[in-house]
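J.: Dropping the structure in here first, questions after.
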Amino acid sequence: MRLLPGINSFKKYFPKNVEFEGDGVFMTFLGTNCTLIRDSKNSIIVDPYFTRPGRILGVNYFVKRVAPNPHTIRKTLNKIGVKKLDAVLLTHTHIDHALDAPEVVKQTNSVLYGSSSAMQIGLGGGLDESSLVEVDLEKTYKIGAFRIKFIKSVHMPFPKIVEPIINFRTTVPKVLVPPERIANYRVGEYYKIQIEHPYGKLLVCGGGFEEHAVNPKVDAVAISIGGLALRSVEYREKLFEQAIVSSAAKSVYLTHWDKLDRSIDSPAEFLGRTHITVKHFIEMAGRNKDIKVFIPPIWTTTRLFSPKRRTFIARLVHRIGL
Ligand SMILES: [Zn+2]
């Protein structure tokens with residue numbers, strides 16, 4: 001049997017792991033689609049999923065009941081030194097994005113931003129209205145120096161045979177009190193999230209290609225590649241063009257590449273044949289010399305954006321205190 005390539009086959013594409021200190025915008029990858037975005041004052045987390053309650057696909061998807069594990073969540077937050085967060089943002093409400101969100105909000109005295117389905121999960125997890133924000137697509141949310149905008153998007157299509165079963169119903173219609181069936185964590189509205197900071201602009205996006213979508217211009221994209229190995233080469237090419245080339249991003253971070261059922265503390269393995277997608281993204285980025293592709297290992301903190309260099313005049317104005 002030939003061994004499939006592991007994450008360490010792509011060491012060349014690991015971003016530089018740095019300490020979270022000093023000025024700048026930092027991103028820590030925490031497995032699945034979870035990224036922690038921080039500057040020196042504020043912290044935001046996207047799609048936390050630390051509990052990892054074993055196997056969630058196959059028959060488990062319909063029969064197994066799951067609940068967040070407060071101990072695992074606390075341990076993970078401690079490991080990355082997070083006591084307080086300003087916001088927990090949800091791209092959608094499948095279990096591997098939304099299960100832990102209410103408990104993370106509780107433990108970090110934070111606020112949950114997401115769809116109406118995310119609100120049902122928040123309420124079921126014991127949050128009250130004061131820590132829930134149902135996203136308004138017209139609004140820009142200010143969190144310190146960050147400006148957050150949610151953009152309506154689509155989930156990557158599932159294989160035809162499972163799509164009608166998984167998406168039989170698409171929203172969470174009632175308050176969801178865990179332990180709940182995995183299938184009841186339905187997709188809800190799906191969002192791309194634009195996170196703008198004076199030092200740079202990041203787009204967090206999924207693997208859904210949309211025929212006529214126009215992405216905002218950004219400096220970096222964090223793209224969820226889970227399941228993309230099941231899509232055609234042509235699909236991935238169109239997605240790359242839309243999500244990365246047309247958004248003018250210079251850096252691409254591949255997320256959601258790891259197996260969903262492994263504990264966050266175990267050595268990570270690729271989800272299915274995701275190494276195919278990684279190779280393909282590297283090849284597509286290689287055709288465009290301005291685009292750098294990174295695959296962050298779990299726990300890696302990378303400096304996403306540095307302070308903008310001041311012009312001579314701006315430095316002078318700053319020095320004389322004008
Ligand atoms: Zn999903």
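Ordering of the structure tokens sets the chain letters (A, B, ...), residue numbers begin anew at 1 in every chain, and ligands are numbered from 1 in the order given.
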Would you please extract all alpha helix (DSSP H) residues from stretch 207-252 of chain A, as assigned by DSSP on the backbone, and give them as an MDAnalysis selection string?
T.: chainID A and resid 233:240
J.: Put those residues in a file: C-alpha atoms, as an mmCIF file, in the first residue's frame.
T.:
data_model
loop_
_atom_site.group_PDB
_atom_site.id
_atom_site.type_symbol
_atom_site.label_atom_id
_atom_site.label_comp_id
_atom_site.auth_asym_id
_atom_site.auth_seq_id
_atom_site.Cartn_x
_atom_site.Cartn_y
_atom_site.Cartn_z
ATOM 1 C CA VAL A 233 -10.419 20.104 -11.615
ATOM 2 C CA GLU A 234 -12.495 22.623 -13.557
ATOM 3 C CA TYR A 235 -14.532 23.501 -10.455
ATOM 4 C CA ARG A 236 -11.384 24.210 -8.434
ATOM 5 C CA GLU A 237 -9.935 26.285 -11.285
ATOM 6 C CA LYS A 238 -13.081 28.461 -11.440
ATOM 7 C CA LEU A 239 -13.130 28.808 -7.653
ATOM 8 C CA PHE A 240 -9.451 29.824 -7.554
#
J.: Would you list the residues that come within 9 Å of ligand 1? Count only C-alpha atoms and all ligand atoms and give the answer as a list in words.
T.: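 Residues satisfying the distance criterion: Thr91, His92, Thr93, His94, Ile95, Asp96, His97, His155, Met156, Arg186, Val187, Tyr190, Gly206 and Gly226 of chain A.
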J.: Enumerate the residues of stretch 137-295 of chain A with a DSSP assignment of strand (DSSP E or B), computed from the backbone, and present them as JSON, numbers by chain.
T.: {"A": [141, 142, 143, 146, 147, 148, 149, 150, 151, 152, 153, 180, 181, 190, 191, 192, 193, 194, 195, 196, 197, 200, 201, 202, 203, 204, 205, 220, 221, 222, 223, 224, 251, 252, 253, 254, 255, 258, 270, 292, 293, 294]}
J.: Store the residues picked out above in a file with N, CA and C atoms, as a compact mmCIF listing (two decimals), in the first residue's frame.
T.:
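That gives us selection33.txt:
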# COMPACT_ATOMS: atom_id res chain seq x y z
N TYR A 141 -19.47 45.90 11.05
CA TYR A 141 -19.34 45.82 12.50
C TYR A 141 -17.93 46.26 12.90
N LYS A 142 -17.88 47.19 13.86
CA LYS A 142 -16.58 47.72 14.29
C LYS A 142 -16.14 47.00 15.56
N ILE A 143 -14.95 46.43 15.51
CA ILE A 143 -14.39 45.79 16.71
C ILE A 143 -12.96 46.32 16.82
N PHE A 146 -10.69 46.70 13.80
CA PHE A 146 -11.23 45.79 12.77
C PHE A 146 -12.59 46.28 12.28
N ARG A 147 -12.84 46.10 11.00
CA ARG A 147 -14.15 46.35 10.39
C ARG A 147 -14.61 45.05 9.75
N ILE A 148 -15.74 44.53 10.20
CA ILE A 148 -16.19 43.20 9.76
C ILE A 148 -17.44 43.33 8.90
N LYS A 149 -17.42 42.66 7.76
CA LYS A 149 -18.59 42.65 6.89
C LYS A 149 -18.90 41.20 6.49
N PHE A 150 -20.17 40.84 6.57
CA PHE A 150 -20.59 39.49 6.15
C PHE A 150 -21.16 39.59 4.73
N ILE A 151 -20.76 38.65 3.88
CA ILE A 151 -21.20 38.67 2.48
C ILE A 151 -21.89 37.34 2.20
N LYS A 152 -23.10 37.41 1.69
CA LYS A 152 -23.87 36.18 1.43
C LYS A 152 -23.12 35.31 0.42
N SER A 153 -23.05 34.02 0.70
CA SER A 153 -22.32 33.13 -0.19
C SER A 153 -23.00 31.77 -0.23
N GLU A 180 -27.46 17.37 20.84
CA GLU A 180 -28.38 17.36 19.72
C GLU A 180 -27.84 16.46 18.61
N ARG A 181 -28.73 16.03 17.73
CA ARG A 181 -28.29 15.22 16.60
C ARG A 181 -27.44 16.07 15.66
N TYR A 190 -25.05 31.09 4.52
CA TYR A 190 -23.60 30.89 4.39
C TYR A 190 -22.95 32.24 4.07
N TYR A 191 -21.91 32.57 4.79
CA TYR A 191 -21.27 33.86 4.59
C TYR A 191 -19.77 33.74 4.27
N LYS A 192 -19.33 34.66 3.42
CA LYS A 192 -17.90 34.99 3.40
C LYS A 192 -17.75 36.10 4.43
N ILE A 193 -16.58 36.22 5.03
CA ILE A 193 -16.40 37.30 6.01
C ILE A 193 -15.20 38.14 5.63
N GLN A 194 -15.48 39.43 5.46
CA GLN A 194 -14.40 40.37 5.15
C GLN A 194 -13.93 41.01 6.45
N ILE A 195 -12.64 40.84 6.75
CA ILE A 195 -12.09 41.40 7.99
C ILE A 195 -11.05 42.44 7.59
N GLU A 196 -11.44 43.69 7.80
CA GLU A 196 -10.57 44.79 7.36
C GLU A 196 -9.89 45.44 8.57
N HIS A 197 -8.63 45.77 8.39
CA HIS A 197 -7.84 46.40 9.45
C HIS A 197 -6.99 47.46 8.76
N GLY A 200 -4.33 45.84 6.68
CA GLY A 200 -4.60 44.94 5.55
C GLY A 200 -6.00 44.36 5.64
N LYS A 201 -6.39 43.72 4.53
CA LYS A 201 -7.75 43.20 4.43
C LYS A 201 -7.72 41.70 4.14
N LEU A 202 -8.49 40.95 4.95
CA LEU A 202 -8.55 39.49 4.81
C LEU A 202 -9.97 39.08 4.42
N LEU A 203 -10.08 38.09 3.51
CA LEU A 203 -11.39 37.51 3.21
C LEU A 203 -11.36 36.06 3.66
N VAL A 204 -12.31 35.71 4.54
CA VAL A 204 -12.46 34.32 4.96
C VAL A 204 -13.54 33.73 4.07
N CYS A 205 -13.18 32.74 3.26
CA CYS A 205 -14.22 32.22 2.38
C CYS A 205 -14.20 30.70 2.29
N ALA A 220 -5.34 39.28 1.49
CA ALA A 220 -5.16 37.85 1.77
C ALA A 220 -6.51 37.15 1.83
N VAL A 221 -6.48 35.87 1.48
CA VAL A 221 -7.69 35.04 1.55
C VAL A 221 -7.38 33.82 2.41
N ALA A 222 -8.29 33.50 3.34
CA ALA A 222 -8.22 32.20 4.04
C ALA A 222 -9.35 31.38 3.45
N ILE A 223 -9.03 30.32 2.75
CA ILE A 223 -10.06 29.57 2.04
C ILE A 223 -10.18 28.14 2.59
N SER A 224 -11.43 27.75 2.82
CA SER A 224 -11.72 26.42 3.34
C SER A 224 -11.70 25.42 2.18
N SER A 251 -1.76 36.69 -0.81
CA SER A 251 -1.48 35.51 0.02
C SER A 251 -2.76 34.70 0.20
N VAL A 252 -2.60 33.38 0.10
CA VAL A 252 -3.74 32.48 0.28
C VAL A 252 -3.39 31.48 1.37
N TYR A 253 -4.24 31.35 2.37
CA TYR A 253 -4.05 30.39 3.46
C TYR A 253 -5.10 29.31 3.31
N LEU A 254 -4.66 28.05 3.21
CA LEU A 254 -5.59 26.94 3.03
C LEU A 254 -6.02 26.41 4.40
N THR A 255 -7.34 26.41 4.65
CA THR A 255 -7.84 25.92 5.94
C THR A 255 -8.77 24.73 5.70
N ASP A 258 -7.79 19.43 7.58
CA ASP A 258 -7.52 18.32 8.50
C ASP A 258 -8.77 17.47 8.78
N PHE A 270 -4.61 14.70 6.79
CA PHE A 270 -5.49 15.29 5.78
C PHE A 270 -6.87 14.66 5.81
N LYS A 292 1.06 33.94 -3.31
CA LYS A 292 1.79 32.97 -2.49
C LYS A 292 0.78 32.11 -1.75
N VAL A 293 0.98 30.80 -1.79
CA VAL A 293 0.04 29.92 -1.11
C VAL A 293 0.70 29.34 0.14
N PHE A 294 -0.08 29.30 1.23
CA PHE A 294 0.42 28.77 2.50
C PHE A 294 -0.54 27.72 3.02
J.: Using only C-alpha atoms, which of the listed residues (A:Lys79, A:Arg309, A:Arg303, A:Lys279) sits closest to A:Tyr13?
T.: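 Using only C-alpha atoms, A:Tyr13 sits closest to A:Lys279.
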J.: So which residues touch A:Gly114 within 8 Å, counting only C-alpha atoms, skipping near sequence neighbours fewer than 4 positions away, as a PyMOL selection string?
T.: chain A and resi 89-92+118-119+133-135
J.: Within 6 Å of A:Ile291, counting only C-alpha atoms, which residues show up once you throw out same-chain ones fewer than 2 positions away? Write them as number ranges by chain, please.
T.: A: 250-251, 285, 288-289
J.: Write the residues of the preceding selection, restricted to N, CA and C atoms, as a tab-separated table (two decimals), in the first residue's frame.
T.:
chain	number	residue	atom	x	y	z
A	250	LYS	N	-2.76	38.56	-2.46
A	250	LYS	CA	-1.36	38.18	-2.68
A	250	LYS	C	-0.99	36.93	-1.88
A	251	SER	N	-1.76	36.69	-0.81
A	251	SER	CA	-1.48	35.51	0.02
A	251	SER	C	-2.76	34.70	0.20
A	285	ALA	N	-1.50	28.60	-8.01
A	285	ALA	CA	-0.80	29.80	-7.53
A	285	ALA	C	0.50	29.97	-8.30
A	288	ASN	N	0.71	32.15	-11.28
A	288	ASN	CA	0.57	33.59	-11.07
A	288	ASN	C	1.61	34.02	-10.04
A	289	LYS	N	2.68	34.64	-10.51
A	289	LYS	CA	3.82	34.84	-9.62
A	289	LYS	C	3.52	35.78	-8.45
J.: Go ahead and compute the interatomic distance for atom CA of A:Lys16 and atom CA of A:Ile295, in Å to one decimal.
T.: 10.4 Å
J.: Quick one, how far is atom CA of A:Gly272 from atom CA of A:Trp257?
T.: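 Distance reported for this atom pair: 8.9 Å.
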J.: Skip A:Asp100 itself and residues of its chain fewer than 5 positions away, then list as a PDB file with N, CA and C atoms, in the first residue's frame all residues within 10 Å of it, counting only C-alpha atoms.
T.:
ATOM      1  N   ASP A  47     -15.429  30.304  13.495  1.00  0.00           N
ATOM      2  CA  ASP A  47     -15.783  28.879  13.450  1.00  0.00           C
ATOM      3  C   ASP A  47     -14.997  27.972  14.415  1.00  0.00           C
ATOM      4  N   PRO A  48     -15.065  28.224  15.727  1.00  0.00           N
ATOM      5  CA  PRO A  48     -14.306  27.358  16.650  1.00  0.00           C
ATOM      6  C   PRO A  48     -14.893  25.951  16.720  1.00  0.00           C
ATOM      7  N   TYR A  49     -14.044  24.944  16.638  1.00  0.00           N
ATOM      8  CA  TYR A  49     -14.500  23.541  16.719  1.00  0.00           C
ATOM      9  C   TYR A  49     -13.405  22.736  17.403  1.00  0.00           C
ATOM     10  N   PHE A  50     -13.450  22.751  18.742  1.00  0.00           N
ATOM     11  CA  PHE A  50     -12.381  22.120  19.509  1.00  0.00           C
ATOM     12  C   PHE A  50     -12.814  20.784  20.108  1.00  0.00           C
ATOM     13  N   THR A  51     -14.125  20.607  20.297  1.00  0.00           N
ATOM     14  CA  THR A  51     -14.623  19.410  20.985  1.00  0.00           C
ATOM     15  C   THR A  51     -14.340  18.146  20.191  1.00  0.00           C
ATOM     16  N   ARG A  52     -14.516  18.197  18.894  1.00  0.00           N
ATOM     17  CA  ARG A  52     -14.264  17.054  18.011  1.00  0.00           C
ATOM     18  C   ARG A  52     -14.840  15.751  18.584  1.00  0.00           C
ATOM     19  N   ALA A  67     -22.482  17.277  22.064  1.00  0.00           N
ATOM     20  CA  ALA A  67     -22.526  18.499  22.882  1.00  0.00           C
ATOM     21  C   ALA A  67     -21.110  19.049  22.985  1.00  0.00           C
ATOM     22  N   PRO A  68     -20.965  20.346  23.169  1.00  0.00           N
ATOM     23  CA  PRO A  68     -19.622  20.917  23.346  1.00  0.00           C
ATOM     24  C   PRO A  68     -18.999  20.386  24.637  1.00  0.00           C
ATOM     25  N   ASN A  69     -17.686  20.248  24.635  1.00  0.00           N
ATOM     26  CA  ASN A  69     -16.980  19.804  25.832  1.00  0.00           C
ATOM     27  C   ASN A  69     -16.261  21.020  26.450  1.00  0.00           C
ATOM     28  N   PRO A  70     -16.842  21.574  27.543  1.00  0.00           N
ATOM     29  CA  PRO A  70     -16.278  22.811  28.127  1.00  0.00           C
ATOM     30  C   PRO A  70     -14.820  22.661  28.535  1.00  0.00           C
ATOM     31  N   ILE A  73     -12.581  22.816  25.475  1.00  0.00           N
ATOM     32  CA  ILE A  73     -12.594  24.199  24.968  1.00  0.00           C
ATOM     33  C   ILE A  73     -11.691  25.085  25.842  1.00  0.00           C
ATOM     34  N   ILE A  95     -22.080  21.393  12.074  1.00  0.00           N
ATOM     35  CA  ILE A  95     -21.502  21.076  13.383  1.00  0.00           C
ATOM     36  C   ILE A  95     -20.027  21.465  13.506  1.00  0.00           C
ATOM     37  N   VAL A 105     -18.132  31.576  23.479  1.00  0.00           N
ATOM     38  CA  VAL A 105     -18.636  32.914  23.846  1.00  0.00           C
ATOM     39  C   VAL A 105     -18.719  33.040  25.366  1.00  0.00           C
ATOM     40  N   ILE A 121     -28.724  28.277  17.803  1.00  0.00           N
ATOM     41  CA  ILE A 121     -27.668  27.487  18.457  1.00  0.00           C
ATOM     42  C   ILE A 121     -27.137  28.246  19.675  1.00  0.00           C
ATOM     43  N   GLY A 122     -27.009  29.547  19.542  1.00  0.00           N
ATOM     44  CA  GLY A 122     -26.548  30.381  20.658  1.00  0.00           C
ATOM     45  C   GLY A 122     -27.518  30.323  21.833  1.00  0.00           C
ATOM     46  N   GLY A 125     -27.427  27.089  23.563  1.00  0.00           N
ATOM     47  CA  GLY A 125     -26.197  26.921  24.336  1.00  0.00           C
ATOM     48  C   GLY A 125     -26.186  27.789  25.587  1.00  0.00           C
TER      49      GLY A 125
END
J.: Find the residue from A:Asn60, A:Ser263, A:Thr140, A:Asn17 that sits nearest to A:Thr301; use only C-alpha atoms when measuring.
T.: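 For A:Thr301, the nearest of the given residues is A:Asn17.
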J.: Pick from A:Arg55, A:Val245, A:Glu103, A:Pro307: nearest to A:Gly286, with only C-alpha atoms counted?
T.: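 Nearest to A:Gly286: A:Val245.
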J.: With only C-alpha atoms as the basis for distance, which of A:Ala101, A:Met27, A:Ala145, A:Leu77 is at the shortest distance from A:Gly126?
T.: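 Nearest to A:Gly126: A:Ala101.
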J.: Excluding A:Asn42 and its own-chain neighbours fewer than 4 positions away, which residues fall within 7 Å of it when counting only C-alpha atoms? Please give them as a list of chain:residue names.
T.: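 Close residues of A:Asn42: A:Arg38, A:Asp86, A:Gly144.
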J.: Save out the residues we just selected, N, CA and C atoms, as a PDB file, in the first residue's frame.
T.:
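Writing done, so here's out-v6.pdb:
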ATOM      1  N   ARG A  38      -5.962  38.380  15.529  1.00  0.00           N
ATOM      2  CA  ARG A  38      -5.697  39.303  16.641  1.00  0.00           C
ATOM      3  C   ARG A  38      -4.806  40.466  16.225  1.00  0.00           C
ATOM      4  N   ASP A  86     -13.327  39.303  21.566  1.00  0.00           N
ATOM      5  CA  ASP A  86     -14.318  40.339  21.274  1.00  0.00           C
ATOM      6  C   ASP A  86     -15.476  39.795  20.458  1.00  0.00           C
ATOM      7  N   GLY A 144     -12.759  47.300  17.699  1.00  0.00           N
ATOM      8  CA  GLY A 144     -11.465  47.973  17.775  1.00  0.00           C
ATOM      9  C   GLY A 144     -11.118  48.537  16.406  1.00  0.00           C
TER      10      GLY A 144
END
J.: Point out the residue among A:Thr171, A:Asp219, A:Lys106, A:Ser232 with the least atom-to-atom distance to A:Pro159, counting only C-alpha atoms.
T.: A:Ser232
